[in-house]
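Student: Dropping in target17.csv, which is CSV, C-alpha atoms and all ligand atoms:
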chain,number,residue,atom,x,y,z
A,206,MET,CA,4.6,-130.7,87.6
A,207,LYS,CA,6.1,-130.1,91.0
A,208,ILE,CA,6.2,-126.3,91.8
A,209,LEU,CA,8.0,-124.7,94.7
A,210,ILE,CA,6.5,-121.3,95.6
A,211,THR,CA,8.7,-119.0,97.7
A,212,GLY,CA,6.9,-116.2,99.6
A,213,GLY,CA,3.9,-118.6,99.4
A,214,HIS,CA,2.0,-116.9,102.2
A,215,GLY,CA,2.3,-113.4,100.7
A,216,GLN,CA,-0.4,-111.6,98.7
A,217,LEU,CA,0.6,-113.0,95.4
A,218,GLY,CA,2.1,-116.3,96.6
A,219,HIS,CA,-1.2,-117.2,98.2
A,220,ASP,CA,-3.2,-116.7,95.1
A,221,VAL,CA,-0.6,-118.4,92.8
A,222,SER,CA,-0.6,-121.4,95.1
A,223,GLN,CA,-4.5,-121.5,95.1
A,224,VAL,CA,-4.7,-121.4,91.3
A,225,LEU,CA,-1.9,-123.9,90.5
A,226,GLU,CA,-2.7,-126.5,93.1
A,227,ARG,CA,-5.7,-127.5,91.0
A,228,GLU,CA,-3.4,-129.0,88.3
A,229,HIS,CA,0.0,-129.3,89.9
A,230,LYS,CA,1.8,-130.5,93.0
A,231,VAL,CA,2.4,-127.2,94.7
A,232,VAL,CA,4.7,-126.5,97.7
A,233,PRO,CA,4.2,-123.0,99.1
A,234,CYS,CA,6.9,-121.9,101.6
A,235,SER,CA,6.9,-119.0,104.1
A,236,SER,CA,10.1,-117.2,104.9
A,237,GLN,CA,10.4,-119.4,108.1
A,238,GLU,CA,10.2,-122.5,106.0
A,239,LEU,CA,12.6,-121.3,103.3
A,240,ASP,CA,14.7,-118.1,103.7
A,241,ILE,CA,15.7,-117.4,100.1
A,242,SER,CA,18.6,-115.1,101.3
A,243,SER,CA,20.5,-118.3,102.4
A,244,GLN,CA,22.1,-120.3,99.5
A,245,ALA,CA,22.4,-123.3,101.8
A,246,ALA,CA,18.7,-123.2,102.7
A,247,VAL,CA,17.7,-122.8,99.0
A,248,ASP,CA,20.0,-125.7,97.9
A,249,ALA,CA,18.6,-127.9,100.7
A,250,ALA,CA,15.0,-127.2,99.7
A,251,ILE,CA,15.7,-127.8,96.0
A,252,ALA,CA,17.5,-131.1,96.9
A,253,ALA,CA,14.7,-132.3,99.1
A,254,LEU,CA,11.8,-131.3,96.8
A,255,HIS,CA,13.2,-131.7,93.3
A,256,PRO,CA,10.9,-129.0,91.9
A,257,ASP,CA,10.4,-128.8,88.1
A,258,LEU,CA,9.7,-125.1,88.6
A,259,VAL,CA,10.3,-122.4,91.2
A,260,ILE,CA,8.0,-119.4,91.3
A,261,ASN,CA,9.7,-116.7,93.4
A,262,CYS,CA,7.0,-114.5,95.0
A,263,ALA,CA,9.2,-113.7,97.9
A,264,ALA,CA,10.5,-110.2,98.4
A,265,TYR,CA,11.1,-107.4,100.9
A,266,THR,CA,8.2,-105.3,99.6
A,267,ALA,CA,8.0,-102.4,102.1
A,268,VAL,CA,9.3,-99.8,99.6
A,269,ASP,CA,10.0,-97.0,102.2
A,270,ASN,CA,11.6,-99.3,104.8
A,271,CYS,CA,14.0,-100.5,102.1
A,272,GLU,CA,15.7,-97.1,102.3
A,273,LYS,CA,16.8,-97.6,105.9
A,274,GLU,CA,17.0,-101.4,105.8
A,275,LYS,CA,19.2,-101.5,102.7
A,276,GLU,CA,21.1,-104.6,103.7
A,277,LEU,CA,18.0,-106.7,104.3
A,278,ALA,CA,16.4,-105.4,101.1
A,279,TRP,CA,19.4,-106.4,99.0
A,280,LYS,CA,19.7,-109.8,100.8
A,281,VAL,CA,16.1,-110.7,100.0
A,282,ASN,CA,15.5,-108.9,96.7
A,283,ALA,CA,18.9,-109.3,95.0
A,284,ARG,CA,20.7,-112.3,96.6
A,285,GLY,CA,17.4,-114.3,97.1
A,286,PRO,CA,16.7,-114.6,93.3
A,287,GLU,CA,20.4,-115.1,92.7
A,288,ASN,CA,20.4,-118.1,95.1
A,289,LEU,CA,17.3,-119.5,93.5
A,290,ALA,CA,18.7,-119.1,90.0
A,291,ARG,CA,22.0,-120.8,91.0
A,292,GLY,CA,20.1,-123.6,92.9
A,293,MET,CA,17.8,-124.4,89.9
A,294,GLU,CA,20.6,-124.1,87.4
A,295,ALA,CA,22.7,-126.7,89.2
A,296,ARG,CA,19.7,-129.1,89.2
A,297,GLY,CA,18.1,-128.2,86.0
A,298,GLY,CA,14.7,-126.5,86.1
A,299,ARG,CA,12.7,-123.4,85.3
A,300,LEU,CA,12.5,-120.2,87.4
A,301,ILE,CA,9.7,-117.7,87.3
A,302,HIS,CA,10.7,-114.6,89.1
A,303,ILE,CA,8.4,-111.6,90.0
A,304,SER,CA,9.8,-108.1,89.6
A,305,THR,CA,8.5,-104.6,89.6
A,306,ASP,CA,7.6,-101.4,87.7
A,307,TYR,CA,9.9,-99.6,90.1
A,308,VAL,CA,12.9,-100.6,88.0
A,309,PHE,CA,12.0,-97.6,85.8
A,310,ASP,CA,12.7,-93.9,86.5
A,311,GLY,CA,9.2,-92.8,85.4
A,312,ASN,CA,10.4,-89.9,83.3
A,313,LYS,CA,8.4,-91.0,80.2
A,314,PRO,CA,5.4,-88.8,79.3
A,315,ILE,CA,2.2,-90.0,81.0
A,316,THR,CA,0.7,-90.8,77.5
A,317,GLU,CA,3.5,-93.5,77.0
A,318,SER,CA,4.0,-96.8,78.7
A,319,TYR,CA,7.2,-98.8,79.3
A,320,THR,CA,8.0,-101.8,77.2
A,321,GLU,CA,10.4,-104.6,78.1
A,322,GLU,CA,13.0,-103.0,75.8
A,323,ASP,CA,13.0,-99.6,77.6
A,324,PRO,CA,16.1,-98.7,79.7
A,325,VAL,CA,15.8,-99.1,83.4
A,326,GLY,CA,16.8,-96.5,86.0
A,327,PRO,CA,15.5,-97.3,89.5
A,328,LEU,CA,14.9,-94.4,91.9
A,329,SER,CA,14.9,-96.3,95.2
A,330,GLU,CA,16.7,-99.0,97.1
A,331,TYR,CA,13.7,-101.3,96.5
A,332,GLY,CA,13.9,-100.7,92.8
A,333,SER,CA,17.7,-101.1,92.7
A,334,SER,CA,17.6,-104.3,94.7
A,335,LYS,CA,14.8,-105.8,92.6
A,336,LEU,CA,16.8,-104.8,89.4
A,337,ALA,CA,19.9,-106.6,90.8
A,338,GLY,CA,17.7,-109.6,91.3
A,339,GLU,CA,16.5,-109.5,87.7
A,340,GLN,CA,20.1,-109.2,86.5
A,341,ALA,CA,21.3,-112.2,88.6
A,342,VAL,CA,18.4,-114.4,87.3
A,343,THR,CA,19.2,-113.3,83.7
A,344,GLU,CA,22.9,-114.1,84.0
A,345,ILE,CA,22.7,-117.4,85.9
A,346,SER,CA,19.5,-119.1,84.8
A,347,SER,CA,19.3,-120.7,81.3
A,348,ASP,CA,15.5,-121.2,81.7
A,349,HIS,CA,13.7,-118.3,83.3
A,350,LEU,CA,10.9,-115.8,83.0
A,351,ILE,CA,10.9,-112.5,84.8
A,352,LEU,CA,7.4,-111.0,85.2
A,353,ARG,CA,7.4,-107.3,86.1
A,354,THR,CA,4.2,-106.4,87.7
A,355,ALA,CA,2.9,-103.3,89.6
A,356,TRP,CA,0.6,-101.9,92.3
A,357,LEU,CA,-0.6,-105.3,93.6
A,358,TYR,CA,-3.7,-105.8,95.7
A,359,GLY,CA,-5.6,-109.0,96.7
A,360,TRP,CA,-7.5,-110.6,99.4
A,361,GLN,CA,-4.5,-112.0,101.3
A,362,GLY,CA,-2.4,-109.6,103.3
A,363,LYS,CA,-2.1,-105.8,103.4
A,364,ASN,CA,-2.3,-103.4,100.5
A,365,PHE,CA,-3.1,-99.8,99.5
A,366,LEU,CA,-6.8,-100.4,98.7
A,367,LYS,CA,-7.3,-102.2,102.0
A,368,THR,CA,-5.7,-99.2,103.9
A,369,MET,CA,-8.0,-96.7,102.1
A,370,LEU,CA,-11.0,-98.8,103.0
A,371,ARG,CA,-10.0,-99.1,106.7
A,372,LEU,CA,-9.4,-95.3,106.9
A,373,ALA,CA,-12.6,-94.3,105.1
A,374,LEU,CA,-14.7,-96.7,107.2
A,375,ALA,CA,-13.2,-95.4,110.5
A,376,ASP,CA,-14.2,-91.8,109.6
A,377,PRO,CA,-15.9,-91.0,106.3
A,378,TYR,CA,-15.5,-87.2,107.0
A,379,ARG,CA,-11.7,-87.4,107.6
A,380,GLU,CA,-9.8,-85.7,104.8
A,381,LEU,CA,-7.5,-88.3,103.3
A,382,ARG,CA,-4.8,-86.9,101.0
A,383,VAL,CA,-3.9,-89.3,98.2
A,384,VAL,CA,-1.2,-88.8,95.6
A,385,ASN,CA,-2.6,-87.8,92.2
A,386,ASP,CA,0.5,-87.3,90.1
A,387,GLN,CA,2.0,-90.9,90.0
A,388,TYR,CA,0.6,-93.1,87.3
A,389,GLY,CA,0.5,-96.9,87.3
A,390,SER,CA,-1.8,-100.0,86.9
A,391,LEU,CA,-3.5,-101.4,89.9
A,392,THR,CA,-3.2,-105.2,89.4
A,393,TRP,CA,-5.2,-107.9,91.1
A,394,THR,CA,-3.1,-110.8,92.4
A,395,ALA,CA,-5.8,-113.3,91.4
A,396,THR,CA,-5.5,-112.2,87.7
A,397,LEU,CA,-1.7,-112.2,87.9
A,398,ALA,CA,-1.9,-115.8,89.3
A,399,ARG,CA,-4.1,-116.9,86.4
A,400,GLN,CA,-1.6,-115.2,84.1
A,401,ILE,CA,1.2,-117.1,85.6
A,402,GLN,CA,-0.8,-120.3,85.1
A,403,ALA,CA,-1.3,-119.3,81.4
A,404,VAL,CA,2.5,-118.8,80.8
A,405,LEU,CA,3.3,-122.3,82.1
A,406,THR,CA,2.1,-123.6,78.7
A,407,SER,CA,4.4,-121.2,76.8
A,408,ASP,CA,8.2,-121.3,76.6
A,409,LEU,CA,8.5,-117.5,77.1
A,410,GLN,CA,12.0,-116.6,78.2
A,411,GLY,CA,13.5,-113.4,79.5
A,412,ILE,CA,11.5,-110.4,80.8
A,413,ALA,CA,7.8,-109.8,80.3
A,414,HIS,CA,5.5,-107.1,81.7
A,415,ALA,CA,2.4,-108.3,83.5
A,416,THR,CA,0.0,-105.7,84.8
A,417,ALA,CA,-3.7,-104.8,84.3
A,418,GLU,CA,-4.5,-102.8,81.2
A,419,GLY,CA,-5.0,-99.0,81.5
A,420,ALA,CA,-3.7,-96.7,84.2
A,421,SER,CA,-4.7,-94.4,87.0
A,422,THR,CA,-3.2,-92.4,89.8
A,423,TRP,CA,-3.3,-93.7,93.4
A,424,PHE,CA,-6.1,-91.1,94.0
A,425,GLN,CA,-8.2,-92.2,91.0
A,426,GLY,CA,-7.7,-95.9,91.9
A,427,ALA,CA,-8.7,-95.4,95.5
A,428,CYS,CA,-11.8,-93.4,94.5
A,429,TYR,CA,-12.9,-96.0,92.0
A,430,PHE,CA,-12.5,-98.8,94.6
A,431,LEU,CA,-14.3,-97.0,97.4
A,432,GLU,CA,-17.2,-96.1,95.1
A,433,ALA,CA,-17.4,-99.8,93.9
A,434,MET,CA,-17.5,-100.7,97.6
A,435,GLU,CA,-20.2,-98.1,98.2
A,436,VAL,CA,-18.2,-96.6,101.1
A,437,PRO,CA,-18.5,-92.9,101.7
A,438,HIS,CA,-15.2,-91.1,101.8
A,439,ASN,CA,-13.5,-87.7,101.8
A,440,LEU,CA,-10.4,-88.4,99.6
A,441,VAL,CA,-8.5,-85.3,98.5
A,442,PRO,CA,-6.0,-85.3,95.6
A,443,CYS,CA,-2.5,-84.2,96.4
A,444,SER,CA,0.9,-84.0,94.7
A,445,THR,CA,4.0,-86.2,95.5
A,446,SER,CA,5.7,-83.1,96.9
A,447,GLU,CA,2.8,-82.6,99.4
A,448,TYR,CA,3.1,-86.2,100.5
A,449,PRO,CA,6.9,-86.8,100.9
A,450,THR,CA,8.1,-90.4,101.5
A,451,PRO,CA,11.5,-91.8,102.3
A,452,ALA,CA,11.6,-93.6,98.9
A,453,HIS,CA,11.3,-91.8,95.5
A,454,ARG,CA,8.7,-93.4,93.3
A,455,PRO,CA,8.4,-93.1,89.5
A,456,THR,CA,5.9,-90.6,88.2
A,457,ASN,CA,5.0,-92.8,85.3
A,458,SER,CA,5.3,-96.6,85.9
A,459,ILE,CA,2.7,-97.7,83.3
A,460,LEU,CA,3.9,-100.9,81.8
A,461,GLU,CA,2.9,-102.3,78.4
A,462,ASN,CA,2.4,-106.1,78.3
A,463,ARG,CA,4.0,-106.3,74.9
A,464,ARG,CA,5.7,-109.7,75.2
A,465,LEU,CA,2.7,-111.5,76.7
A,466,LYS,CA,0.5,-110.1,73.9
A,467,GLN,CA,3.0,-111.1,71.2
A,468,ALA,CA,3.1,-114.6,72.6
A,469,GLY,CA,-0.7,-114.7,72.5
A,470,VAL,CA,-1.0,-115.5,76.2
A,471,SER,CA,-2.1,-112.1,77.8
A,472,LEU,CA,-5.2,-112.5,80.1
A,473,PHE,CA,-5.2,-108.9,81.4
A,474,THR,CA,-8.3,-106.7,81.0
A,475,SER,CA,-8.7,-103.1,82.4
A,476,TRP,CA,-7.8,-102.3,86.0
A,477,GLN,CA,-11.5,-101.2,86.5
A,478,GLN,CA,-12.9,-104.6,85.5
A,479,ASP,CA,-10.6,-106.3,87.9
A,480,ILE,CA,-11.5,-104.0,90.8
A,481,ASP,CA,-15.2,-104.6,90.0
A,482,ALA,CA,-14.6,-108.4,90.1
A,483,PHE,CA,-12.5,-108.1,93.3
A,484,VAL,CA,-15.4,-106.2,95.0
A,485,ARG,CA,-18.0,-108.6,93.7
A,486,GLN,CA,-16.1,-111.6,95.1
A,487,TYR,CA,-14.9,-110.1,98.5
A,488,LYS,CA,-17.1,-107.1,99.4
A,489,GLU,CA,-18.5,-108.6,102.6
A,490,GLU,CA,-15.1,-110.1,103.8
A,491,LEU,CA,-13.3,-106.8,103.0
A,492,LEU,CA,-15.8,-104.8,105.0
A,493,GLN,CA,-15.6,-107.2,107.9
A,494,GLU,CA,-11.8,-107.2,107.9
A,495,ALA,CA,-11.6,-103.4,107.7
A,496,LYS,CA,-14.0,-102.9,110.6
A,497,GLY,CA,-11.7,-105.2,112.7
B,501,LIG,N1,3.0,-105.3,96.4
B,501,LIG,C1,3.1,-104.6,95.2
B,501,LIG,O1,2.5,-103.6,95.0
B,501,LIG,C2,4.1,-105.1,94.2
B,501,LIG,C3,4.3,-104.2,93.1
B,501,LIG,C4,5.2,-104.7,92.1
B,501,LIG,C5,5.9,-105.8,92.2
B,501,LIG,N2,5.7,-106.6,93.3
B,501,LIG,C6,6.5,-107.9,93.5
B,501,LIG,O2,5.5,-108.9,93.5
B,501,LIG,C7,6.0,-110.0,94.3
B,501,LIG,C8,5.0,-110.4,95.3
B,501,LIG,O3,4.7,-109.3,96.1
B,501,LIG,P1,3.5,-109.3,97.3
B,501,LIG,O4,2.7,-108.1,97.2
B,501,LIG,O5,2.8,-110.6,97.2
B,501,LIG,O6,4.4,-109.2,98.6
B,501,LIG,P2,4.1,-109.6,100.1
B,501,LIG,O7,2.7,-109.8,100.3
B,501,LIG,O8,4.9,-108.7,100.9
B,501,LIG,O9,4.8,-111.1,100.2
B,501,LIG,C9,6.1,-111.2,100.1
B,501,LIG,C10,6.5,-112.5,100.8
B,501,LIG,O10,7.9,-112.6,100.8
B,501,LIG,C11,8.3,-113.3,101.9
B,501,LIG,N3,9.6,-113.1,102.3
B,501,LIG,C12,10.2,-112.0,102.8
B,501,LIG,N4,11.5,-112.2,103.0
B,501,LIG,C13,11.8,-113.5,102.7
B,501,LIG,C14,12.9,-114.3,102.7
B,501,LIG,N5,14.1,-113.9,103.1
B,501,LIG,N6,12.8,-115.6,102.3
B,501,LIG,C15,11.6,-116.1,101.9
B,501,LIG,N7,10.5,-115.4,101.8
B,501,LIG,C16,10.6,-114.1,102.2
B,501,LIG,C17,7.3,-112.8,103.0
B,501,LIG,O11,7.2,-113.9,103.9
B,501,LIG,P3,6.8,-113.8,105.4
B,501,LIG,O12,5.6,-113.0,105.5
B,501,LIG,O13,6.7,-115.2,105.8
B,501,LIG,O14,8.0,-113.1,106.0
B,501,LIG,C18,6.1,-112.5,102.3
B,501,LIG,O15,5.1,-113.4,102.5
B,501,LIG,C19,7.3,-109.5,94.9
B,501,LIG,O16,8.4,-109.9,94.1
B,501,LIG,C20,7.2,-108.0,94.8
B,501,LIG,O17,8.5,-107.3,94.7
B,501,LIG,C21,4.8,-106.3,94.3
Turn this file's structure into structure tokens for me.
Tutor:
Amino acid sequence: MKILITGGHGQLGHDVSQVLEREHKVVPCSSQELDISSQAAVDAAIAALHPDLVINCAAYTAVDNCEKEKELAWKVNARGPENLARGMEARGGRLIHISTDYVFDGNKPITESYTEEDPVGPLSEYGSSKLAGEQAVTEISSDHLILRTAWLYGWQGKNFLKTMLRLALADPYRELRVVNDQYGSLTWTATLARQIQAVLTSDLQGIAHATAEGASTWFQGACYFLEAMEVPHNLVPCSTSEYPTPAHRPTNSILENRRLKQAGVSLFTSWQQDIDAFVRQYKEELLQEAKG
């Protein structure tokens, strides 16, 4: 199969390309190579490459910056997937689009998780623009799968765990306040990439949740990671109100992978198992990178 991967140099796009190139002809594109906010650029790429499948890993992912760069956020996160859906629909082909837990308002009790049937209610420009992207794909594409994931980390690029590591290594005594009242599932891009490979053999359509099993707060996740890395730290739990950010984030964005499980294709295990595997695979490289 010929697969075009947009955002191919991002955290997830990199891992998806690596996993799929073993069995498929994969064309990963950076934003310079293919700007998904341009319908003309999208149509030209599809006409030149004739992909059987597009996997859209491209997005404007800086959640707080989306609040002040609304226009850019909507161009990339809403119009981008719309352009890809239109381009693939005109030519005939499947679209796998990556979305987010931030389409939910987070008001469910922490003991409950969000299924694909739950009503959405984004709190931020990032969440709203990603939701508009989902809606465009749903309306336009007759052959699509939207995978909602959450709290991604991986070897490629920047992420929350890498930031915690860099700060703890720079000064293990420095008090680092980390939010302890938002709940979600830290999800390894390598596992999500294998999950995307697994869904290629299914004909799953519509929306499916795709995150690691179990949940933590940002504080609990960071402590678990630094302990696995054997890096001393002085993390201190704090509340969302003590750590205000431009974008509002859901208190509970725990997703249940109900549709993947029903289809018998879910590969996810606990977030702790994935952090353990991430550390086993990349410990030395992570330490080297964090020390600069
Ligand atoms: N990161 C998370 O915690 C998280 C959580 C939930 C859902 N998601 C979703 O998961 C997907 C992958 O996220 P990620 O963490 O891999 O993000 P990432 O590392 O920020 O990568 C996103 C990529 O999108 C590309 N991009 C930005 N604007 C573009 C444009 N106009 N045209 C084409 N490409 C463009 C960027 O390319 P350049 O670098 O070349 O500009 C970047 O490589 C996204 O859909 C995101 O919304 C992420």
Student: Return as a Markdown table the residues of chain A lying at most 8 Å from ligand LIG 501 (chain B), together with the closest atom-to-atom pair for each and the distance in Å to one decimal, counting only C-alpha atoms and all ligand atoms, with rows in chain order and ascending residue number.
Tutor:
| residue | atom | partner | partner_atom | distance |
| --- | --- | --- | --- | --- |
| A:Thr211 | CA | B:LIG501 | N7 | 5.7 |
| A:Gly212 | CA | B:LIG501 | C10 | 3.9 |
| A:Gly213 | CA | B:LIG501 | O15 | 6.2 |
| A:His214 | CA | B:LIG501 | O15 | 4.7 |
| A:Gly215 | CA | B:LIG501 | O15 | 3.3 |
| A:Gln216 | CA | B:LIG501 | O5 | 3.7 |
| A:Leu217 | CA | B:LIG501 | O5 | 3.7 |
| A:Gly218 | CA | B:LIG501 | O5 | 5.8 |
| A:His219 | CA | B:LIG501 | O5 | 7.8 |
| A:Cys234 | CA | B:LIG501 | N7 | 7.4 |
| A:Ser235 | CA | B:LIG501 | O13 | 4.2 |
| A:Ser236 | CA | B:LIG501 | C15 | 3.5 |
| A:Gln237 | CA | B:LIG501 | O13 | 6.1 |
| A:Glu238 | CA | B:LIG501 | C15 | 7.7 |
| A:Leu239 | CA | B:LIG501 | C15 | 5.5 |
| A:Asp240 | CA | B:LIG501 | N6 | 3.4 |
| A:Ile241 | CA | B:LIG501 | N6 | 4.1 |
| A:Ser242 | CA | B:LIG501 | N5 | 5.0 |
| A:Ser243 | CA | B:LIG501 | N5 | 7.8 |
| A:Asn261 | CA | B:LIG501 | O16 | 7.0 |
| A:Cys262 | CA | B:LIG501 | C8 | 4.6 |
| A:Ala263 | CA | B:LIG501 | O10 | 3.4 |
| A:Ala264 | CA | B:LIG501 | O10 | 4.3 |
| A:Tyr265 | CA | B:LIG501 | C12 | 5.1 |
| A:Thr266 | CA | B:LIG501 | O8 | 4.9 |
| A:Ala267 | CA | B:LIG501 | O8 | 7.1 |
| A:Lys280 | CA | B:LIG501 | N5 | 7.3 |
| A:Val281 | CA | B:LIG501 | N5 | 4.9 |
| A:Asn282 | CA | B:LIG501 | O17 | 7.5 |
| A:Gly285 | CA | B:LIG501 | N5 | 6.9 |
| A:His302 | CA | B:LIG501 | O16 | 7.2 |
| A:Ile303 | CA | B:LIG501 | O16 | 4.4 |
| A:Ser304 | CA | B:LIG501 | O16 | 5.0 |
| A:Thr305 | CA | B:LIG501 | C5 | 3.9 |
| A:Asp306 | CA | B:LIG501 | C4 | 6.0 |
| A:Tyr307 | CA | B:LIG501 | C4 | 7.2 |
| A:Lys335 | CA | B:LIG501 | O17 | 6.8 |
| A:Arg353 | CA | B:LIG501 | C5 | 6.5 |
| A:Thr354 | CA | B:LIG501 | C4 | 4.8 |
| A:Ala355 | CA | B:LIG501 | C4 | 3.7 |
| A:Trp356 | CA | B:LIG501 | O1 | 3.7 |
| A:Leu357 | CA | B:LIG501 | O1 | 3.8 |
| A:Tyr358 | CA | B:LIG501 | O1 | 6.6 |
| A:Gln361 | CA | B:LIG501 | O7 | 7.6 |
| A:Gly362 | CA | B:LIG501 | O7 | 5.9 |
| A:Lys363 | CA | B:LIG501 | O7 | 7.0 |
| A:Asn364 | CA | B:LIG501 | N1 | 7.0 |
| A:Thr394 | CA | B:LIG501 | O5 | 7.6 |
Student: One decimal, in Å: what's the spacing between atom CA of A:Val232 and atom CA of A:Leu209?
Tutor: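 Result for atom CA of A:Val232 versus atom CA of A:Leu209: 4.8 Å, one decimal.
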Student: Closest to A:His414 among A:Glu321, A:Asp220, A:Glu228, A:Glu272, using all atoms listed in the file?
Tutor: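 For A:His414, the nearest of the candidates is A:Glu321.
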Student: Identify which of the residues A:Val342, A:Ala468, A:Ala290, A:Leu491 lies closest to A:Met369, counting only C-alpha atoms when measuring atom-to-atom distances.
Tutor: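 Smallest distance to A:Met369 is found for A:Leu491.
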Student: Counting only C-alpha atoms, figure out which residue out of A:Arg371, A:Phe430, A:Lys273, A:Glu322 gets nearest to A:Ala495.
Tutor: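 Smallest distance to A:Ala495 is found for A:Arg371.
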Student: Determine the nearest neighbour of A:Glu418 from the options A:Arg379, A:Lys466, A:Arg399, A:Arg454, counting all atoms listed in the file.
Tutor: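 Checking each candidate against A:Glu418, we get A:Lys466 as the closest.
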Student: Please identify all polymer residues within 12 Å of stretch 346-348 of chain A, counting all atoms listed in the file, omitting same-chain residues fewer than 4 positions from it, and present them as a PyMOL selection string.
Tutor: chain A and resi 257-259+286-302+338-342+408-412
Student: Could you give me, as a list in words, the residues that have an atom at most 10 Å away from the point (12.1, -96.2, 87.1) in the coordinates of the file, using only C-alpha atoms?
Tutor: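 Checking each residue against the 10 Å limit leaves Thr305, Asp306, Tyr307, Val308, Phe309, Asp310, Gly311, Asn312, Lys313, Tyr319, Pro324, Val325, Gly326, Pro327, Leu328, Ser329, Gly332, Ser333, His453, Arg454, Pro455, Thr456, Asn457 and Ser458 of chain A.
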Student: What's the separation between atom CA of A:Thr396 and atom CA of A:Asp479, in Å to one decimal place?
Tutor: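 It comes out at 7.8 Å.
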Student: Which residues, written as JSON, numbers by chain, have at least one atom at most 8 Å from A:His229, with all atoms listed in the file counted and residues fewer than 5 positions away on the same chain left out?
Tutor: {"A": [206, 207, 208]}
Student: Between atom CA of A:Ser407 and atom CA of A:Arg463, what is the distance, to one decimal in Å?
Tutor: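 Atom-to-atom, atom CA of A:Ser407 and atom CA of A:Arg463 are spaced 15.0 Å apart.
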Student: So which residues touch A:Glu447 within 9 Å, counting only C-alpha atoms, skipping near sequence neighbours fewer than 2 positions away, as an mmCIF file with C-alpha atoms, in the frame of the given file?
Tutor:
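So out.cif came out as:
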data_model
loop_
_atom_site.group_PDB
_atom_site.id
_atom_site.type_symbol
_atom_site.label_atom_id
_atom_site.label_comp_id
_atom_site.auth_asym_id
_atom_site.auth_seq_id
_atom_site.Cartn_x
_atom_site.Cartn_y
_atom_site.Cartn_z
ATOM 1 C CA ARG A 382 -4.800 -86.900 101.000
ATOM 2 C CA VAL A 384 -1.200 -88.800 95.600
ATOM 3 C CA CYS A 443 -2.500 -84.200 96.400
ATOM 4 C CA SER A 444 0.900 -84.000 94.700
ATOM 5 C CA THR A 445 4.000 -86.200 95.500
ATOM 6 C CA PRO A 449 6.900 -86.800 100.900
#
Student: Give the answer as one residue: which of A:Leu370, A:Leu350, A:Leu492, A:Ala415 has the shortest atom-to-atom distance to A:Ile260, using all atoms listed in the file?
Tutor: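 That would be A:Leu350, the residue with the smallest distance to A:Ile260.
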Student: Go through A:Leu391, A:Asp269, A:Ala283, A:Pro442 and flag the residue nearest A:Thr343, using all atoms listed in the file for the distances.
Tutor: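 That would be A:Ala283, the residue with the smallest distance to A:Thr343.
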